$ cat entry_28.tsv   # TSV, C-alpha atoms
chain	number	residue	atom	x	y	z
N	1	MET	CA	-0.02	29.10	18.44
N	2	ASP	CA	-0.18	26.05	16.17
N	3	HIS	CA	1.71	26.35	12.89
N	4	ILE	CA	0.11	25.03	9.67
N	5	LEU	CA	2.05	24.49	6.44
N	6	ILE	CA	-0.26	24.69	3.39
N	7	VAL	CA	1.15	23.08	0.23
N	8	ASP	CA	-1.10	23.77	-2.75
N	9	ASP	CA	-0.41	25.14	-6.23
N	10	ASP	CA	-3.74	26.99	-6.40
N	11	PRO	CA	-3.16	30.59	-5.20
N	12	GLU	CA	-6.87	31.07	-4.47
N	13	ILE	CA	-6.94	28.07	-2.14
N	14	ARG	CA	-3.70	29.16	-0.46
N	15	GLY	CA	-5.12	32.64	0.04
N	16	LEU	CA	-8.47	31.40	1.30
N	17	LEU	CA	-6.94	28.98	3.79
N	18	THR	CA	-4.31	31.47	4.92
N	19	ARG	CA	-7.01	34.04	5.74
N	20	TYR	CA	-9.55	31.63	7.20
N	21	LEU	CA	-7.16	29.60	9.36
N	22	GLY	CA	-5.26	32.74	10.37
N	23	GLU	CA	-8.52	34.23	11.65
N	24	HIS	CA	-8.94	31.13	13.80
N	25	GLY	CA	-5.63	31.60	15.56
N	26	TYR	CA	-3.18	29.57	13.49
N	27	ARG	CA	0.19	30.68	12.18
N	28	ILE	CA	0.34	29.93	8.47
N	29	THR	CA	3.13	29.18	6.00
N	30	ALA	CA	2.10	28.64	2.37
N	31	ALA	CA	4.01	26.78	-0.34
N	32	ALA	CA	3.12	26.29	-4.01
N	33	ASP	CA	5.13	23.12	-4.66
N	34	GLY	CA	7.55	20.56	-3.23
N	35	ARG	CA	10.55	22.84	-3.51
N	36	GLU	CA	8.90	25.58	-1.46
N	37	MET	CA	7.67	22.95	1.00
N	38	ARG	CA	11.22	21.73	1.57
N	39	ARG	CA	12.44	25.29	2.12
N	40	ALA	CA	9.70	25.84	4.69
N	41	LEU	CA	10.52	22.58	6.50
N	42	ALA	CA	14.21	23.52	6.58
N	43	THR	CA	13.46	26.65	8.59
N	44	SER	CA	10.82	25.40	11.04
N	45	ALA	CA	8.73	22.31	11.79
N	46	PRO	CA	4.99	22.95	11.45
N	47	ASP	CA	2.46	21.27	13.72
N	48	ILE	CA	0.49	19.96	10.73
N	49	ILE	CA	0.75	19.94	6.92
N	50	LEU	CA	-2.12	20.37	4.45
N	51	LEU	CA	-0.77	18.70	1.32
N	52	ASP	CA	-2.32	18.84	-2.15
N	53	LEU	CA	-1.90	15.69	-4.24
N	54	MET	CA	-1.98	17.44	-7.63
N	55	LEU	CA	1.19	19.56	-7.47
N	56	PRO	CA	3.42	20.62	-10.37
N	57	GLY	CA	6.62	18.60	-10.61
N	58	GLU	CA	6.55	16.21	-7.68
N	59	ASP	CA	2.98	15.46	-6.63
N	60	GLY	CA	1.86	14.92	-3.05
N	61	ILE	CA	2.21	11.13	-3.26
N	62	ALA	CA	5.81	11.49	-4.47
N	63	LEU	CA	6.58	13.84	-1.59
N	64	LEU	CA	5.17	11.35	0.91
N	65	LEU	CA	7.16	8.54	-0.70
N	66	ASP	CA	10.31	10.67	-0.56
N	67	ARG	CA	9.78	11.01	3.20
N	68	ASP	CA	10.84	14.67	3.08
N	69	LEU	CA	8.09	15.31	5.60
N	70	ASN	CA	10.63	14.08	8.15
N	71	PRO	CA	8.86	11.13	9.78
N	72	LYS	CA	10.99	11.45	12.92
N	73	ALA	CA	9.34	14.82	13.57
N	74	HIS	CA	5.96	13.03	13.41
N	75	ILE	CA	4.28	15.90	11.58
N	76	PRO	CA	0.66	14.94	10.88
N	77	VAL	CA	-0.53	15.34	7.28
N	78	ILE	CA	-3.98	15.99	5.84
N	79	ILE	CA	-4.14	15.35	2.10
N	80	LEU	CA	-6.14	17.80	-0.02
N	81	THR	CA	-7.19	16.64	-3.46
N	82	ALA	CA	-9.88	16.80	-6.11
N	83	ARG	CA	-9.51	13.04	-6.61
N	84	ASP	CA	-12.03	11.03	-4.59
N	85	GLU	CA	-11.10	7.53	-5.70
N	86	THR	CA	-10.90	4.87	-3.00
N	87	GLU	CA	-7.44	3.82	-4.23
N	88	ASP	CA	-6.14	7.37	-3.75
N	89	ARG	CA	-7.48	7.50	-0.19
N	90	VAL	CA	-5.97	4.12	0.63
N	91	MET	CA	-2.63	5.11	-0.91
N	92	GLY	CA	-2.54	8.31	1.12
N	93	ILE	CA	-3.27	6.42	4.33
N	94	GLU	CA	-0.74	3.74	3.45
N	95	LEU	CA	1.96	6.37	3.00
N	96	GLY	CA	1.26	7.87	6.42
N	97	ALA	CA	-1.34	10.61	5.85
N	98	ASP	CA	-3.58	11.18	8.86
N	99	ASP	CA	-6.69	12.29	6.99
N	100	TYR	CA	-8.00	12.91	3.48
N	101	VAL	CA	-10.18	15.86	2.39
N	102	THR	CA	-11.58	16.18	-1.13
N	103	LYS	CA	-12.07	19.41	-3.06
N	104	PRO	CA	-14.23	21.40	-3.06
N	105	PHE	CA	-14.38	21.42	0.73
N	106	GLU	CA	-16.13	23.47	3.36
N	107	PRO	CA	-13.51	25.46	5.36
N	108	ARG	CA	-15.37	24.74	8.60
N	109	GLU	CA	-15.12	21.00	7.96
N	110	LEU	CA	-11.41	21.28	7.21
N	111	LEU	CA	-10.91	23.28	10.42
N	112	ALA	CA	-12.68	20.53	12.37
N	113	ARG	CA	-10.48	17.89	10.71
N	114	ILE	CA	-7.34	19.89	11.59
N	115	LYS	CA	-8.38	20.14	15.23
N	116	SER	CA	-9.21	16.42	15.33
N	117	VAL	CA	-5.90	15.34	13.78
N	118	LEU	CA	-3.92	17.61	16.14
N	119	ARG	CA	-5.78	16.18	19.13
N	120	ARG	CA	-5.09	12.61	18.00
N	121	ALA	CA	-1.44	13.37	17.29
N	122	ARG	CA	-0.92	14.77	20.77
N	123	HIS	CA	-3.25	12.54	22.74
N	124	LEU	CA	-1.96	9.69	24.83
N	125	PRO	CA	-4.20	7.84	27.29
N	126	PRO	CA	-3.21	8.52	30.92
N	127	ASN	CA	-1.47	5.16	31.34
N	128	LEU	CA	0.62	5.86	28.21
N	129	ALA	CA	1.67	9.42	29.09
N	130	PRO	CA	5.36	10.03	28.26
N	131	GLU	CA	6.20	10.78	31.89
N	132	ALA	CA	4.68	7.43	32.94
N	133	VAL	CA	5.77	4.97	30.24
N	134	ARG	CA	9.15	5.09	28.53
N	135	SER	CA	9.06	1.99	26.36
N	136	TYR	CA	7.37	-1.30	25.53
N	137	ARG	CA	9.17	-4.60	24.94
N	138	PHE	CA	7.56	-7.50	23.10
N	139	ALA	CA	8.91	-10.58	21.29
N	140	GLY	CA	12.42	-9.09	21.23
N	141	TRP	CA	11.18	-5.76	19.82
N	142	SER	CA	10.91	-2.46	21.66
N	143	LEU	CA	9.01	0.78	21.13
N	144	ASP	CA	10.47	3.99	22.55
N	145	VAL	CA	7.42	6.08	23.48
N	146	ARG	CA	9.18	9.41	23.83
N	147	ALA	CA	11.15	9.14	20.58
N	148	ARG	CA	8.34	7.17	18.86
N	149	GLU	CA	10.89	4.78	17.41
N	150	LEU	CA	10.59	1.03	16.91
N	151	PHE	CA	13.71	-1.09	17.50
N	152	THR	CA	14.25	-4.52	15.99
N	153	PRO	CA	15.73	-7.34	18.12
N	154	ASP	CA	19.08	-6.35	16.52
N	155	GLU	CA	18.63	-2.71	17.66
N	156	VAL	CA	17.93	-1.39	14.17
N	157	VAL	CA	15.67	1.68	14.24
N	158	ILE	CA	12.49	1.61	12.15
N	159	SER	CA	10.67	4.90	11.58
N	160	LEU	CA	6.89	4.76	11.90
N	161	SER	CA	4.32	7.13	10.47
N	162	GLY	CA	1.90	8.72	12.92
N	163	THR	CA	-0.88	6.30	12.07
N	164	GLU	CA	1.44	3.26	12.27
N	165	TYR	CA	2.67	4.41	15.67
N	166	ARG	CA	-0.84	4.88	17.06
N	167	LEU	CA	-1.93	1.48	15.73
N	168	LEU	CA	1.04	-0.33	17.26
N	169	LYS	CA	0.57	1.51	20.55
N	170	ILE	CA	-3.04	0.44	20.99
N	171	PHE	CA	-2.03	-3.19	20.39
N	172	LEU	CA	0.76	-2.87	22.96
N	173	ASP	CA	-1.69	-1.40	25.44
N	174	HIS	CA	-4.06	-4.35	24.91
N	175	PRO	CA	-1.89	-7.44	24.28
N	176	ARG	CA	-3.71	-10.70	23.47
N	177	VAL	CA	-7.03	-8.81	23.24
N	178	VAL	CA	-9.06	-8.95	20.02
N	179	LEU	CA	-9.59	-5.41	18.71
N	180	SER	CA	-12.23	-4.82	16.04
N	181	ARG	CA	-11.55	-2.84	12.87
N	182	ASP	CA	-14.08	-0.21	14.06
N	183	HIS	CA	-12.28	0.11	17.39
N	184	LEU	CA	-8.91	0.47	15.69
N	185	ALA	CA	-10.26	3.00	13.18
N	186	GLU	CA	-11.76	5.12	15.96
N	187	PHE	CA	-8.44	5.18	17.80
N	188	VAL	CA	-6.20	5.72	14.77
N	189	TYR	CA	-8.35	8.04	12.66
N	190	GLY	CA	-10.80	9.40	15.21
N	191	LYS	CA	-13.79	8.29	13.13
N	192	LYS	CA	-15.69	5.23	11.98
N	193	ILE	CA	-15.03	3.76	8.56
N	194	SER	CA	-17.33	2.10	6.06
N	195	PRO	CA	-17.10	-1.68	5.62
N	196	LEU	CA	-15.53	-1.13	2.18
N	197	GLU	CA	-12.66	1.08	3.39
N	198	ARG	CA	-9.35	-0.73	3.81
N	199	GLY	CA	-7.36	1.84	5.79
N	200	VAL	CA	-6.98	-0.33	8.91
N	201	ASP	CA	-6.13	-3.42	6.87
N	202	VAL	CA	-3.48	-1.48	4.96
N	203	LEU	CA	-1.92	-0.26	8.22
N	204	ILE	CA	-1.97	-3.80	9.62
N	205	SER	CA	-0.15	-4.96	6.49
N	206	ARG	CA	2.48	-2.24	6.88
N	207	LEU	CA	3.02	-3.05	10.56
N	208	ARG	CA	3.44	-6.71	9.68
N	209	GLN	CA	6.08	-5.75	7.11
N	210	HIS	CA	7.93	-3.65	9.69
N	211	LEU	CA	7.79	-6.54	12.19
N	212	GLY	CA	8.79	-9.17	9.62
N	213	ASP	CA	5.47	-10.90	10.26
N	214	ASP	CA	4.40	-13.24	7.45
N	215	ALA	CA	0.95	-12.11	6.31
N	216	ARG	CA	0.04	-15.69	5.37
N	217	LYS	CA	0.95	-17.06	8.82
N	218	PRO	CA	1.44	-14.07	11.14
N	219	ALA	CA	3.02	-14.80	14.50
N	220	LEU	CA	2.47	-11.39	16.09
N	221	LEU	CA	-0.46	-9.51	14.53
N	222	LYS	CA	-3.02	-12.24	14.05
N	223	THR	CA	-6.31	-11.96	12.20
N	224	VAL	CA	-9.35	-13.17	14.11
N	225	ARG	CA	-11.92	-13.95	11.44
N	226	HIS	CA	-15.07	-11.79	11.53
N	227	GLU	CA	-13.81	-10.07	14.70
N	228	GLY	CA	-10.60	-8.11	14.17
N	229	TYR	CA	-6.93	-8.39	15.05
N	230	ARG	CA	-4.90	-9.46	18.08
N	231	LEU	CA	-1.30	-8.87	19.18
N	232	ASP	CA	-0.19	-12.37	20.19
N	233	ALA	CA	2.73	-11.50	22.48
N	234	ASP	CA	3.48	-10.66	26.07
N	235	VAL	CA	4.34	-6.99	26.61
N	236	GLU	CA	6.70	-5.54	29.20
N	237	VAL	CA	6.34	-1.87	30.11
N	238	GLU	CA	9.31	0.22	31.26
N	239	TYR	CA	8.56	3.28	33.41

$ encode --input "entry_28.tsv" --output "structure tokens"
Amino acid sequence: MDHILIVDDDPEIRGLLTRYLGEHGYRITAAADGREMRRALATSAPDIILLDLMLPGEDGIALLLDRDLNPKAHIPVIILTARDETEDRVMGIELGADDYVTKPFEPRELLARIKSVLRRARHLPPNLAPEAVRSYRFAGWSLDVRARELFTPDEVVISLSGTEYRLLKIFLDHPRVVLSRDHLAEFVYGKKISPLERGVDVLISRLRQHLGDDARKPALLKTVRHEGYRLDADVEVEY
């Protein structure tokens, strides 16, 4: 039974989601603020977190920035908020959220989003299954598939969000191949994006920062004008 942690200061929303998602076979833990969220995370790791942005005290963005969601556990996060500004959506994605749902929302839509995010979080193409591939090596870097950790050439560990990990993995699976923004969005988010949304570009920027890749003259993640992005490196796979 999948475990959902709901973090929202509105008792009506907590009650509604607890009943509705519980009826659909999920185990639910509800928290009203960051403090209760931390207590819940200290006792058990949920499979997914529904996180409200507008919380008393520390808001959802602050909690994501604080990394108390334990990135090494790779817990996917869906942000819930009444704010529907593009900058808020981009910020949530940039900080590692896996999806963004605005209030008021239809519970059936949220349920579908939860199922989609859980599928993406657990899905690995057959040739990338943990029992088949252990790690990738490229340009002195390495990605441990089982631990989902990125190692610098000096063996320093860099933690990746779920979306950053999936983006890097698809590049490593298709080295020196141009991948369109639509293709990357489908793989990372499980949906198409509008031409105005910058989620993929923001993730590319974050990956470049992790890899020490100069955005003005990138050596690894190169921009192919009007087409997409390409990982310009040879990749070795360890089984």

$ residues_around --input "entry_28.tsv" --residues "segment 118-123 of chain N" --least-positions-apart "5" --cutoff "8 Å" --atoms "all atoms listed in the file" --output "PyMOL selection string"
chain N and resi 47-48+76+162+188-190

$ residues_around --input "entry_28.tsv" --residues "segment 150-158 of chain N" --least-positions-apart "3" --cutoff "9 Å" --atoms "all atoms listed in the file" --output "count of residues only"
11

$ closest_residue --input "entry_28.tsv" --among "N:Val77, N:Ile61, N:Val133, N:Leu179" --to "Ser116 of chain N" --atoms "all atoms listed in the file"
N:Val77

$ atom_distance --input "entry_28.tsv" --atom1 "atom CA of Ser135 of chain N" --atom2 "atom CA of Lys217 of chain N"
27.1 Å

$ atom_distance --input "entry_28.tsv" --atom1 "atom CA of Leu51 of chain N" --atom2 "atom CA of Phe171 of chain N"
29.1 Å

$ atom_distance --input "entry_28.tsv" --atom1 "atom CA of Asp2 of chain N" --atom2 "atom CA of Arg27 of chain N"
6.1 Å

$ axis_aligned_box --input "entry_28.tsv" --around "segment 173-188 of chain N" --padding-each-side "5 Å" --output "JSON"
{"center_x": -7.9, "center_y": -2.5, "center_z": 19.2, "size_x": 22.4, "size_y": 26.4, "size_z": 22.6}

$ closest_residue --input "entry_28.tsv" --among "N:Pro46, N:Gly228, N:Gly34, N:Gly15" --to "Val178 of chain N" --atoms "all atoms listed in the file"
N:Gly228

$ residues_around --input "entry_28.tsv" --residues "Arg113 of chain N" --least-positions-apart "6" --cutoff "10 Å" --atoms "only C-alpha atoms" --output "MDAnalysis selection string"
chainID N and resid 78 98:101 107 119 190

$ residues_around --input "entry_28.tsv" --residues "Ile13 of chain N" --least-positions-apart "5" --cutoff "12 Å" --atoms "only C-alpha atoms" --output "VMD selection string"
chain N and resid 6 to 8 18 to 21 30 to 32 50 to 52 80 to 81 103 to 107
